[in-house]
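With mmCIF, C-alpha atoms inside, this is protein-v4.cif:
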```
data_final
#
loop_
_atom_site.label_atom_id
_atom_site.label_comp_id
_atom_site.auth_asym_id
_atom_site.auth_seq_id
_atom_site.Cartn_x
_atom_site.Cartn_y
_atom_site.Cartn_z
CA MET A 1095 0.00 0.00 0.00
CA ILE A 1096 0.95 3.63 -0.43
CA SER A 1097 2.26 5.80 2.41
CA GLU A 1098 -0.02 7.53 4.91
CA ALA A 1099 0.88 10.88 3.35
CA GLN A 1100 -0.05 9.68 -0.13
CA PHE A 1101 -3.26 8.17 1.19
CA GLN A 1102 -4.24 11.42 2.91
CA HIS A 1103 -3.54 13.30 -0.32
CA GLU A 1104 -5.96 10.94 -2.11
CA ILE A 1105 -8.63 11.74 0.50
CA GLU A 1106 -8.11 15.47 0.06
CA LEU A 1107 -8.44 15.10 -3.72
CA ILE A 1108 -11.69 13.15 -3.29
CA ILE A 1109 -13.17 15.85 -1.05
CA ALA A 1110 -12.15 18.73 -3.28
CA ASN A 1111 -13.45 17.06 -6.42
CA ALA A 1112 -16.71 15.95 -4.80
CA ILE A 1113 -17.45 19.44 -3.50
CA ARG A 1114 -16.61 20.88 -6.92
CA GLU A 1115 -18.95 18.40 -8.56
CA ASP A 1116 -21.82 18.92 -6.13
CA VAL A 1117 -21.67 22.61 -5.23
CA GLY A 1118 -20.38 24.23 -8.40
CA ASP A 1119 -20.88 28.00 -8.19
CA GLY A 1120 -23.07 27.70 -5.11
CA ASP A 1121 -25.75 25.79 -3.20
CA HIS A 1122 -28.52 28.01 -4.50
CA SER A 1123 -31.26 26.16 -2.61
CA SER A 1124 -29.65 27.18 0.67
CA LEU A 1125 -28.49 30.58 -0.53
CA ALA A 1126 -32.05 31.41 -1.57
CA CYS A 1127 -33.77 30.84 1.76
CA ILE A 1128 -31.23 30.61 4.60
CA PRO A 1129 -29.28 33.67 5.85
CA PRO A 1130 -25.47 33.24 5.74
CA THR A 1131 -25.25 33.95 9.48
CA ALA A 1132 -27.91 31.39 10.49
CA MET A 1133 -26.55 28.68 12.80
CA GLY A 1134 -27.82 25.11 12.95
CA LYS A 1135 -27.26 21.65 14.34
CA ALA A 1136 -27.78 18.24 12.72
CA LYS A 1137 -27.44 14.60 13.73
CA LEU A 1138 -26.22 11.59 11.74
CA LEU A 1139 -29.03 9.07 12.22
CA VAL A 1140 -28.66 5.34 11.59
CA LYS A 1141 -31.66 3.67 9.92
CA ASP A 1142 -30.01 0.27 9.44
CA GLU A 1143 -27.57 -2.04 11.22
CA GLY A 1144 -23.96 -2.99 10.65
CA ILE A 1145 -20.51 -1.44 11.06
CA ILE A 1146 -20.30 2.33 10.83
CA ALA A 1147 -17.50 3.79 8.72
CA GLY A 1148 -16.62 7.26 7.49
CA VAL A 1149 -16.90 9.26 10.70
CA ASP A 1150 -13.33 10.55 10.40
CA PHE A 1151 -13.89 11.23 6.72
CA ALA A 1152 -17.03 13.26 7.55
CA LYS A 1153 -15.00 15.39 9.95
CA GLN A 1154 -12.57 16.17 7.14
CA VAL A 1155 -15.44 17.10 4.83
CA PHE A 1156 -16.95 19.46 7.38
CA ALA A 1157 -13.55 21.06 8.00
CA HIS A 1158 -12.99 21.50 4.26
CA VAL A 1159 -16.37 23.18 3.78
CA ASP A 1160 -16.18 25.36 6.90
CA ALA A 1161 -13.37 25.17 9.43
CA GLU A 1162 -15.64 26.58 12.13
CA MET A 1163 -18.04 23.63 12.14
CA GLN A 1164 -17.88 21.47 15.26
CA VAL A 1165 -18.49 17.72 15.41
CA GLU A 1166 -19.47 15.85 18.58
CA THR A 1167 -18.75 12.16 17.98
CA LEU A 1168 -20.89 9.62 19.83
CA ILE A 1169 -19.93 6.47 17.89
CA GLU A 1170 -16.50 5.85 16.39
CA ASP A 1171 -15.55 4.20 13.10
CA GLY A 1172 -15.63 0.40 13.27
CA SER A 1173 -18.41 0.23 15.87
CA LYS A 1174 -21.57 -1.82 15.51
CA VAL A 1175 -24.67 0.31 15.02
CA LYS A 1176 -28.41 -0.33 14.95
CA TYR A 1177 -31.55 1.49 13.86
CA GLY A 1178 -32.01 4.70 15.81
CA ASP A 1179 -28.40 5.23 16.83
CA ILE A 1180 -26.97 8.74 16.54
CA VAL A 1181 -23.37 8.68 15.32
CA PHE A 1182 -22.52 12.35 15.71
CA TYR A 1183 -23.85 15.89 15.95
CA VAL A 1184 -22.51 18.67 13.77
CA THR A 1185 -22.95 22.34 14.66
CA GLY A 1186 -22.20 25.39 12.54
CA ARG A 1187 -23.55 27.60 9.82
CA SER A 1188 -26.71 26.06 8.38
CA GLN A 1189 -25.53 26.75 4.84
CA SER A 1190 -22.27 24.93 5.53
CA ILE A 1191 -24.01 21.87 6.99
CA LEU A 1192 -26.23 21.62 3.93
CA LYS A 1193 -23.29 22.06 1.56
CA ALA A 1194 -21.47 19.13 3.15
CA GLU A 1195 -24.53 16.93 3.72
CA ARG A 1196 -24.67 14.93 0.50
CA LEU A 1197 -20.97 14.13 0.31
CA VAL A 1198 -20.96 13.00 3.94
CA LEU A 1199 -23.99 10.76 3.44
CA ASN A 1200 -22.92 9.30 0.10
CA ALA A 1201 -19.49 8.42 1.45
CA MET A 1202 -20.58 7.10 4.83
CA GLN A 1203 -23.40 4.98 3.40
CA ARG A 1204 -21.03 3.22 1.02
CA MET A 1205 -18.11 3.00 3.44
CA SER A 1206 -20.37 1.51 6.12
CA ALA A 1207 -21.69 -1.09 3.68
CA ILE A 1208 -18.14 -2.11 2.75
CA ALA A 1209 -17.02 -2.20 6.38
CA THR A 1210 -20.05 -4.33 7.28
CA LYS A 1211 -19.41 -6.86 4.51
CA THR A 1212 -15.70 -6.99 5.30
CA ASN A 1213 -16.41 -7.56 8.98
CA ALA A 1214 -18.72 -10.46 8.11
CA TYR A 1215 -15.91 -12.07 6.08
CA VAL A 1216 -13.44 -11.50 8.91
CA HIS A 1217 -15.73 -13.38 11.30
CA LEU A 1218 -16.01 -16.26 8.82
CA LEU A 1219 -12.20 -16.57 8.93
CA GLU A 1220 -11.92 -16.67 12.72
CA GLY A 1221 -9.73 -19.52 13.94
CA THR A 1222 -7.70 -19.67 10.72
CA LYS A 1223 -4.49 -17.83 9.81
CA THR A 1224 -6.06 -16.41 6.66
CA LYS A 1225 -6.64 -12.68 6.23
CA ILE A 1226 -9.12 -11.02 3.87
CA LEU A 1227 -7.85 -8.60 1.20
CA ASP A 1228 -9.60 -6.11 -1.02
CA THR A 1229 -8.79 -5.61 -4.73
CA ARG A 1230 -8.66 -2.83 -7.34
CA LYS A 1231 -12.31 -3.53 -8.19
CA THR A 1232 -13.35 -0.22 -6.69
CA THR A 1233 -15.49 2.72 -7.75
CA PRO A 1234 -13.39 5.00 -9.98
CA GLY A 1235 -12.35 8.17 -8.18
CA ILE A 1236 -13.08 7.03 -4.61
CA ARG A 1237 -10.75 4.03 -4.20
CA ALA A 1238 -9.15 5.51 -1.09
CA LEU A 1239 -12.52 5.68 0.67
CA GLU A 1240 -13.40 2.11 -0.19
CA LYS A 1241 -10.04 0.72 0.89
CA TRP A 1242 -10.27 2.78 4.07
CA ALA A 1243 -13.64 1.15 4.75
CA VAL A 1244 -12.13 -2.33 4.32
CA LYS A 1245 -9.57 -1.51 7.01
CA ILE A 1246 -12.29 -0.19 9.32
CA GLY A 1247 -14.16 -3.47 8.84
CA GLY A 1248 -11.13 -5.48 9.94
CA GLY A 1249 -9.76 -6.46 6.53
CA GLU A 1250 -6.41 -5.66 4.94
CA ASN A 1251 -5.55 -3.66 1.86
CA HIS A 1252 -4.01 -5.19 -1.25
CA ARG A 1253 -1.98 -2.90 -3.51
CA PHE A 1254 -3.53 0.53 -3.89
CA ALA A 1255 -2.98 0.89 -7.62
CA LEU A 1256 -0.83 -0.20 -10.53
CA TYR A 1257 2.20 1.69 -9.28
CA ASP A 1258 2.82 0.33 -5.77
CA MET A 1259 3.17 -3.40 -6.45
CA ILE A 1260 3.87 -5.73 -9.38
CA MET A 1261 1.11 -8.23 -10.14
CA LEU A 1262 1.72 -10.50 -13.11
CA LYS A 1263 -1.64 -11.94 -14.09
CA ASP A 1264 -2.63 -14.18 -16.97
CA ASN A 1265 -2.61 -11.45 -19.62
CA HIS A 1266 0.80 -10.15 -18.55
CA ILE A 1267 2.18 -13.69 -18.66
CA ASP A 1268 0.69 -14.45 -22.06
CA PHE A 1269 1.79 -11.13 -23.57
CA ALA A 1270 5.32 -11.58 -22.15
CA GLY A 1271 5.69 -15.08 -23.60
CA GLY A 1272 5.27 -17.18 -20.47
CA ILE A 1273 5.78 -17.14 -16.71
CA THR A 1274 9.58 -17.37 -16.65
CA LYS A 1275 10.00 -14.62 -19.22
CA ALA A 1276 7.47 -12.39 -17.44
CA ILE A 1277 9.25 -12.76 -14.10
CA GLN A 1278 12.75 -12.33 -15.55
CA LYS A 1279 11.72 -9.24 -17.51
CA THR A 1280 10.07 -7.81 -14.40
CA GLN A 1281 13.12 -8.37 -12.23
CA HIS A 1282 15.33 -6.76 -14.88
CA TYR A 1283 12.93 -3.79 -15.09
CA LEU A 1284 12.95 -3.28 -11.33
CA LYS A 1285 16.73 -3.40 -11.20
CA GLU A 1286 17.10 -1.09 -14.18
CA THR A 1287 14.63 1.47 -12.81
CA GLU A 1288 15.83 1.09 -9.20
CA ARG A 1289 12.35 0.34 -7.94
CA ASN A 1290 11.71 -1.75 -4.84
CA LEU A 1291 8.33 -3.32 -5.60
CA LYS A 1292 7.07 -6.70 -4.43
CA ILE A 1293 6.11 -9.22 -7.12
CA ILE A 1294 2.92 -11.27 -7.10
CA VAL A 1295 2.42 -13.87 -9.84
CA GLU A 1296 -0.85 -15.53 -10.75
CA ALA A 1297 -0.91 -19.30 -11.29
CA ARG A 1298 -3.64 -21.04 -13.25
CA ASN A 1299 -2.62 -24.59 -12.37
CA LEU A 1300 -0.12 -26.60 -10.32
CA LYS A 1301 2.37 -26.78 -13.18
CA GLU A 1302 2.55 -22.99 -13.29
CA ILE A 1303 3.19 -22.92 -9.54
CA GLU A 1304 6.20 -25.19 -10.06
CA GLU A 1305 7.54 -22.82 -12.72
CA ILE A 1306 7.01 -19.75 -10.52
CA LEU A 1307 8.89 -21.37 -7.63
CA GLN A 1308 11.83 -22.14 -9.87
CA CYS A 1309 12.21 -18.46 -10.74
CA LYS A 1310 12.81 -17.26 -7.16
CA GLY A 1311 12.26 -13.72 -5.92
CA VAL A 1312 8.44 -13.83 -5.99
CA HIS A 1313 6.75 -12.35 -2.92
CA ARG A 1314 3.38 -14.09 -3.29
CA ILE A 1315 1.68 -16.58 -5.57
CA LEU A 1316 -1.92 -15.90 -6.52
CA ILE A 1317 -3.69 -19.27 -6.57
CA ASP A 1318 -6.47 -18.25 -8.91
CA ASN A 1319 -9.69 -20.20 -9.47
CA PHE A 1320 -8.34 -23.45 -7.96
CA ASN A 1321 -10.61 -26.04 -6.36
CA TYR A 1322 -10.10 -27.00 -2.72
CA ASP A 1323 -7.94 -30.06 -3.39
CA ASP A 1324 -5.59 -28.27 -5.75
CA THR A 1325 -5.40 -25.28 -3.38
CA ARG A 1326 -4.23 -27.59 -0.59
CA LYS A 1327 -1.66 -29.15 -2.94
CA ALA A 1328 -0.48 -25.69 -3.99
CA VAL A 1329 -0.04 -24.56 -0.38
CA THR A 1330 2.00 -27.69 0.36
CA MET A 1331 4.18 -27.16 -2.72
CA ILE A 1332 4.83 -23.52 -1.87
CA GLY A 1333 5.51 -24.09 1.82
CA ASP A 1334 7.35 -21.11 3.26
CA GLN A 1335 9.01 -20.11 0.00
CA CYS A 1336 6.59 -17.23 -0.45
CA GLN A 1337 3.15 -16.02 0.57
CA THR A 1338 -0.06 -17.55 -0.80
CA GLU A 1339 -3.30 -15.92 -1.87
CA SER A 1340 -6.53 -17.48 -3.11
CA SER A 1341 -8.91 -15.59 -5.39
CA GLY A 1342 -11.59 -16.10 -7.97
CA GLY A 1343 -15.29 -16.08 -7.16
CA ILE A 1344 -14.83 -16.83 -3.46
CA ASN A 1345 -17.94 -15.93 -1.47
CA GLU A 1346 -19.55 -16.31 1.97
CA LYS A 1347 -20.25 -19.99 1.34
CA THR A 1348 -16.75 -20.95 0.19
CA ILE A 1349 -14.38 -18.57 1.99
CA ARG A 1350 -14.01 -20.74 5.10
CA LYS A 1351 -13.12 -23.85 3.09
CA TYR A 1352 -10.45 -21.98 1.15
CA ALA A 1353 -9.02 -20.60 4.39
CA GLU A 1354 -8.84 -24.13 5.78
CA CYS A 1355 -6.62 -25.03 2.82
CA GLY A 1356 -3.93 -22.97 4.57
CA VAL A 1357 -3.57 -19.88 2.37
CA ASP A 1358 -2.21 -16.69 3.90
CA TYR A 1359 -4.71 -14.42 2.16
CA ILE A 1360 -8.01 -14.49 0.33
CA SER A 1361 -8.80 -11.54 -1.94
CA SER A 1362 -12.37 -10.62 -2.77
CA GLY A 1363 -13.62 -7.99 -5.18
CA ALA A 1364 -17.08 -8.40 -3.66
CA LEU A 1365 -15.98 -6.39 -0.63
CA THR A 1366 -16.16 -3.24 -2.73
CA HIS A 1367 -18.16 -4.03 -5.86
CA SER A 1368 -21.14 -5.88 -4.42
CA VAL A 1369 -22.55 -4.04 -1.42
CA HIS A 1370 -25.85 -2.34 -0.57
CA ASN A 1371 -25.45 1.06 1.04
CA MET A 1372 -26.27 1.45 4.72
CA ASP A 1373 -29.30 3.69 5.28
CA LEU A 1374 -28.18 6.89 7.02
CA SER A 1375 -29.69 10.36 7.32
CA LEU A 1376 -28.45 13.77 8.37
CA LYS A 1377 -31.35 15.47 10.17
CA ALA A 1378 -31.67 18.99 11.57
CA VAL A 1379 -32.24 19.16 15.30
#
```

Would you write out, as structure tokens, the structure that this file holds?
Amino acid sequence: MISEAQFQHEIELIIANAIREDVGDGDHSSLACIPPTAMGKAKLLVKDEGIIAGVDFAKQVFAHVDAEMQVETLIEDGSKVKYGDIVFYVTGRSQSILKAERLVLNAMQRMSAIATKTNAYVHLLEGTKTKILDTRKTTPGIRALEKWAVKIGGGENHRFALYDMIMLKDNHIDFAGGITKAIQKTQHYLKETERNLKIIVEARNLKEIEEILQCKGVHRILIDNFNYDDTRKAVTMIGDQCQTESSGGINEKTIRKYAECGVDYISSGALTHSVHNMDLSLKAV
């Protein structure tokens, strides 16, 4: 993953772009009927159940819109919530609260859904050594928020983007002329460009795993779309030579069985691409 500073920069870009997109040259609904000096207070109301996420992000949004807004937090990120819970109160200029409202809700509803799904997967893995990873199957433009939500839910982040880790998948391997060539070319590229990036290589069968292991220098093997028996065989073959990761259509019904095969990680695109937003409201009080 990228550094904390880079990650924070991504968050700042998301906020600035979202406010630009939503507010434009002004929130004319508020400007038309609410005096600029009018003060107000609102509460973040939960109308669902699950794991709340995005509280810290909301604070950054409010600060971006109006540094004088104050937030009283009642429930922190990562906590279980139920219908009727109040997560926080925000106090400040009424126009400022309304300007920030939609971005706060859109982000928190999606982040909470992702955190809730991730947390469910984490519980399914209890008692095994396997950890759940997200993927790059995220909503364009808000990847940092979605990966943040995975962390809040108890999961771990995979690479952030194409630039912070090498992942040689089937298309890379085929375009490069095979596994050995792909790995050798990659290692030469990293040496030539003086980049220190970890290498993950996808295997489509046990024979490819043998070839990957012969190449040395691979950080993790992606055991992609294997059945349970072959996954167990792959884990035995790999041993402690490198890390192992299972992927490919793994869901709530199958995740435990794959974990019991002994893999270090399971990656799931469903954490971010297949969730239903948590129902939240920001209500004036």

Selected residue of minimal separation from Leu1168 in chain A among A:Val1149, A:Cys1309, A:Glu1098, A:Tyr1257, counting only C-alpha atoms: A:Val1149

Separation of CA of Thr1167 in chain A from CA of Val1244 in chain A, in Å and rounded to one decimal: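 Going from CA of Thr1167 in chain A over to CA of Val1244 in chain A, I get 21.0 Å.
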
Residues in the PyMOL selection byres ((chain A and resi 1336) around 6), expressed as an MDAnalysis selection string: chainID A and resid 1313:1314 1334:1335 1337

Write the residues you've just listed into a file as a PDB file, keeping the file's coordinate frame, and include C-alpha atoms for each of them.
```pdb
ATOM      1  CA  HIS A1313       6.750 -12.350  -2.920  1.00  0.00           C
ATOM      2  CA  ARG A1314       3.380 -14.090  -3.290  1.00  0.00           C
ATOM      3  CA  ASP A1334       7.350 -21.110   3.260  1.00  0.00           C
ATOM      4  CA  GLN A1335       9.010 -20.110   0.000  1.00  0.00           C
ATOM      5  CA  GLN A1337       3.150 -16.020   0.570  1.00  0.00           C
TER       6      GLN A1337
END
```

Residue with smallest distance to Gly1343 in chain A - pool A:Leu1374, A:Val1329, A:Leu1219, A:Ile1360, counting all atoms listed in the file: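 Distance minimum relative to Gly1343 in chain A lands on A:Ile1360.
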
Coordinates-based distance that separates CA of Asp1258 in chain A from CA of Glu1115 in chain A (Å, one decimal): 28.4 Å

Chain and number of each residue from the PyMOL selection byres ((chain A and resi 1355) around 7), as a VMD selection string: chain A and resid 1322 1325 to 1326 1351 to 1354 1356 to 1357

Best match for closeness to Gly1363 in chain A among A:Ala1255, A:Ile1208, A:Ile1236, A:Ile1303, counting only C-alpha atoms: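 Under the stated criterion, the closest residue is A:Ile1208.
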
Within 12 Å of Ala1126 in chain A using all atoms listed in the file, minus same-chain residues under 5 positions, as an MDAnalysis selection string: chainID A and resid 1120:1121 1189

Nearest to Ile1344 in chain A by atom-to-atom distance, counting all atoms listed in the file, from A:Ala1297, A:Leu1227, A:Ala1328, A:Val1181: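 Of A:Ala1297, A:Leu1227, A:Ala1328, A:Val1181, the one nearest Ile1344 in chain A, counting all atoms listed in the file, is A:Leu1227.
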
Would you mind completing range 1241-1257 of chain A to N, CA and C atoms and writing the output as a PDB file, in the coordinates of the input?
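Everything below was put into result.pdb:
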```
ATOM      1  N   LYS A1241     -11.082   1.496   0.212  1.00  0.00           N
ATOM      2  CA  LYS A1241     -10.040   0.720   0.890  1.00  0.00           C
ATOM      3  C   LYS A1241      -9.952   1.102   2.369  1.00  0.00           C
ATOM      4  N   TRP A1242     -10.207   2.339   2.695  1.00  0.00           N
ATOM      5  CA  TRP A1242     -10.270   2.780   4.070  1.00  0.00           C
ATOM      6  C   TRP A1242     -11.374   2.015   4.811  1.00  0.00           C
ATOM      7  N   ALA A1243     -12.513   1.864   4.148  1.00  0.00           N
ATOM      8  CA  ALA A1243     -13.640   1.150   4.750  1.00  0.00           C
ATOM      9  C   ALA A1243     -13.306  -0.321   5.013  1.00  0.00           C
ATOM     10  N   VAL A1244     -12.555  -0.932   4.116  1.00  0.00           N
ATOM     11  CA  VAL A1244     -12.130  -2.330   4.320  1.00  0.00           C
ATOM     12  C   VAL A1244     -11.300  -2.441   5.592  1.00  0.00           C
ATOM     13  N   LYS A1245     -10.384  -1.511   5.788  1.00  0.00           N
ATOM     14  CA  LYS A1245      -9.570  -1.510   7.010  1.00  0.00           C
ATOM     15  C   LYS A1245     -10.433  -1.332   8.249  1.00  0.00           C
ATOM     16  N   ILE A1246     -11.402  -0.431   8.179  1.00  0.00           N
ATOM     17  CA  ILE A1246     -12.290  -0.190   9.320  1.00  0.00           C
ATOM     18  C   ILE A1246     -13.064  -1.464   9.652  1.00  0.00           C
ATOM     19  N   GLY A1247     -13.420  -2.232   8.630  1.00  0.00           N
ATOM     20  CA  GLY A1247     -14.160  -3.470   8.840  1.00  0.00           C
ATOM     21  C   GLY A1247     -13.316  -4.628   9.321  1.00  0.00           C
ATOM     22  N   GLY A1248     -12.009  -4.430   9.433  1.00  0.00           N
ATOM     23  CA  GLY A1248     -11.130  -5.480   9.940  1.00  0.00           C
ATOM     24  C   GLY A1248     -10.349  -6.220   8.876  1.00  0.00           C
ATOM     25  N   GLY A1249     -10.497  -5.832   7.608  1.00  0.00           N
ATOM     26  CA  GLY A1249      -9.760  -6.460   6.530  1.00  0.00           C
ATOM     27  C   GLY A1249      -8.416  -5.780   6.304  1.00  0.00           C
ATOM     28  N   GLU A1250      -7.696  -6.249   5.285  1.00  0.00           N
ATOM     29  CA  GLU A1250      -6.410  -5.660   4.940  1.00  0.00           C
ATOM     30  C   GLU A1250      -6.440  -5.189   3.490  1.00  0.00           C
ATOM     31  N   ASN A1251      -5.612  -4.202   3.206  1.00  0.00           N
ATOM     32  CA  ASN A1251      -5.550  -3.660   1.860  1.00  0.00           C
ATOM     33  C   ASN A1251      -4.526  -4.390   1.008  1.00  0.00           C
ATOM     34  N   HIS A1252      -4.923  -4.688  -0.222  1.00  0.00           N
ATOM     35  CA  HIS A1252      -4.010  -5.190  -1.250  1.00  0.00           C
ATOM     36  C   HIS A1252      -3.254  -3.965  -1.777  1.00  0.00           C
ATOM     37  N   ARG A1253      -2.618  -4.078  -2.915  1.00  0.00           N
ATOM     38  CA  ARG A1253      -1.980  -2.900  -3.510  1.00  0.00           C
ATOM     39  C   ARG A1253      -3.030  -1.819  -3.721  1.00  0.00           C
ATOM     40  N   PHE A1254      -2.590  -0.571  -3.696  1.00  0.00           N
ATOM     41  CA  PHE A1254      -3.530   0.530  -3.890  1.00  0.00           C
ATOM     42  C   PHE A1254      -3.837   0.735  -5.368  1.00  0.00           C
ATOM     43  N   ALA A1255      -2.815   0.597  -6.192  1.00  0.00           N
ATOM     44  CA  ALA A1255      -2.980   0.890  -7.620  1.00  0.00           C
ATOM     45  C   ALA A1255      -1.933   0.127  -8.417  1.00  0.00           C
ATOM     46  N   LEU A1256      -1.778   0.485  -9.666  1.00  0.00           N
ATOM     47  CA  LEU A1256      -0.830  -0.200 -10.530  1.00  0.00           C
ATOM     48  C   LEU A1256       0.622   0.132 -10.217  1.00  0.00           C
ATOM     49  N   TYR A1257       0.837   1.196  -9.457  1.00  0.00           N
ATOM     50  CA  TYR A1257       2.200   1.690  -9.280  1.00  0.00           C
ATOM     51  C   TYR A1257       2.890   1.247  -7.998  1.00  0.00           C
TER      52      TYR A1257
END
```
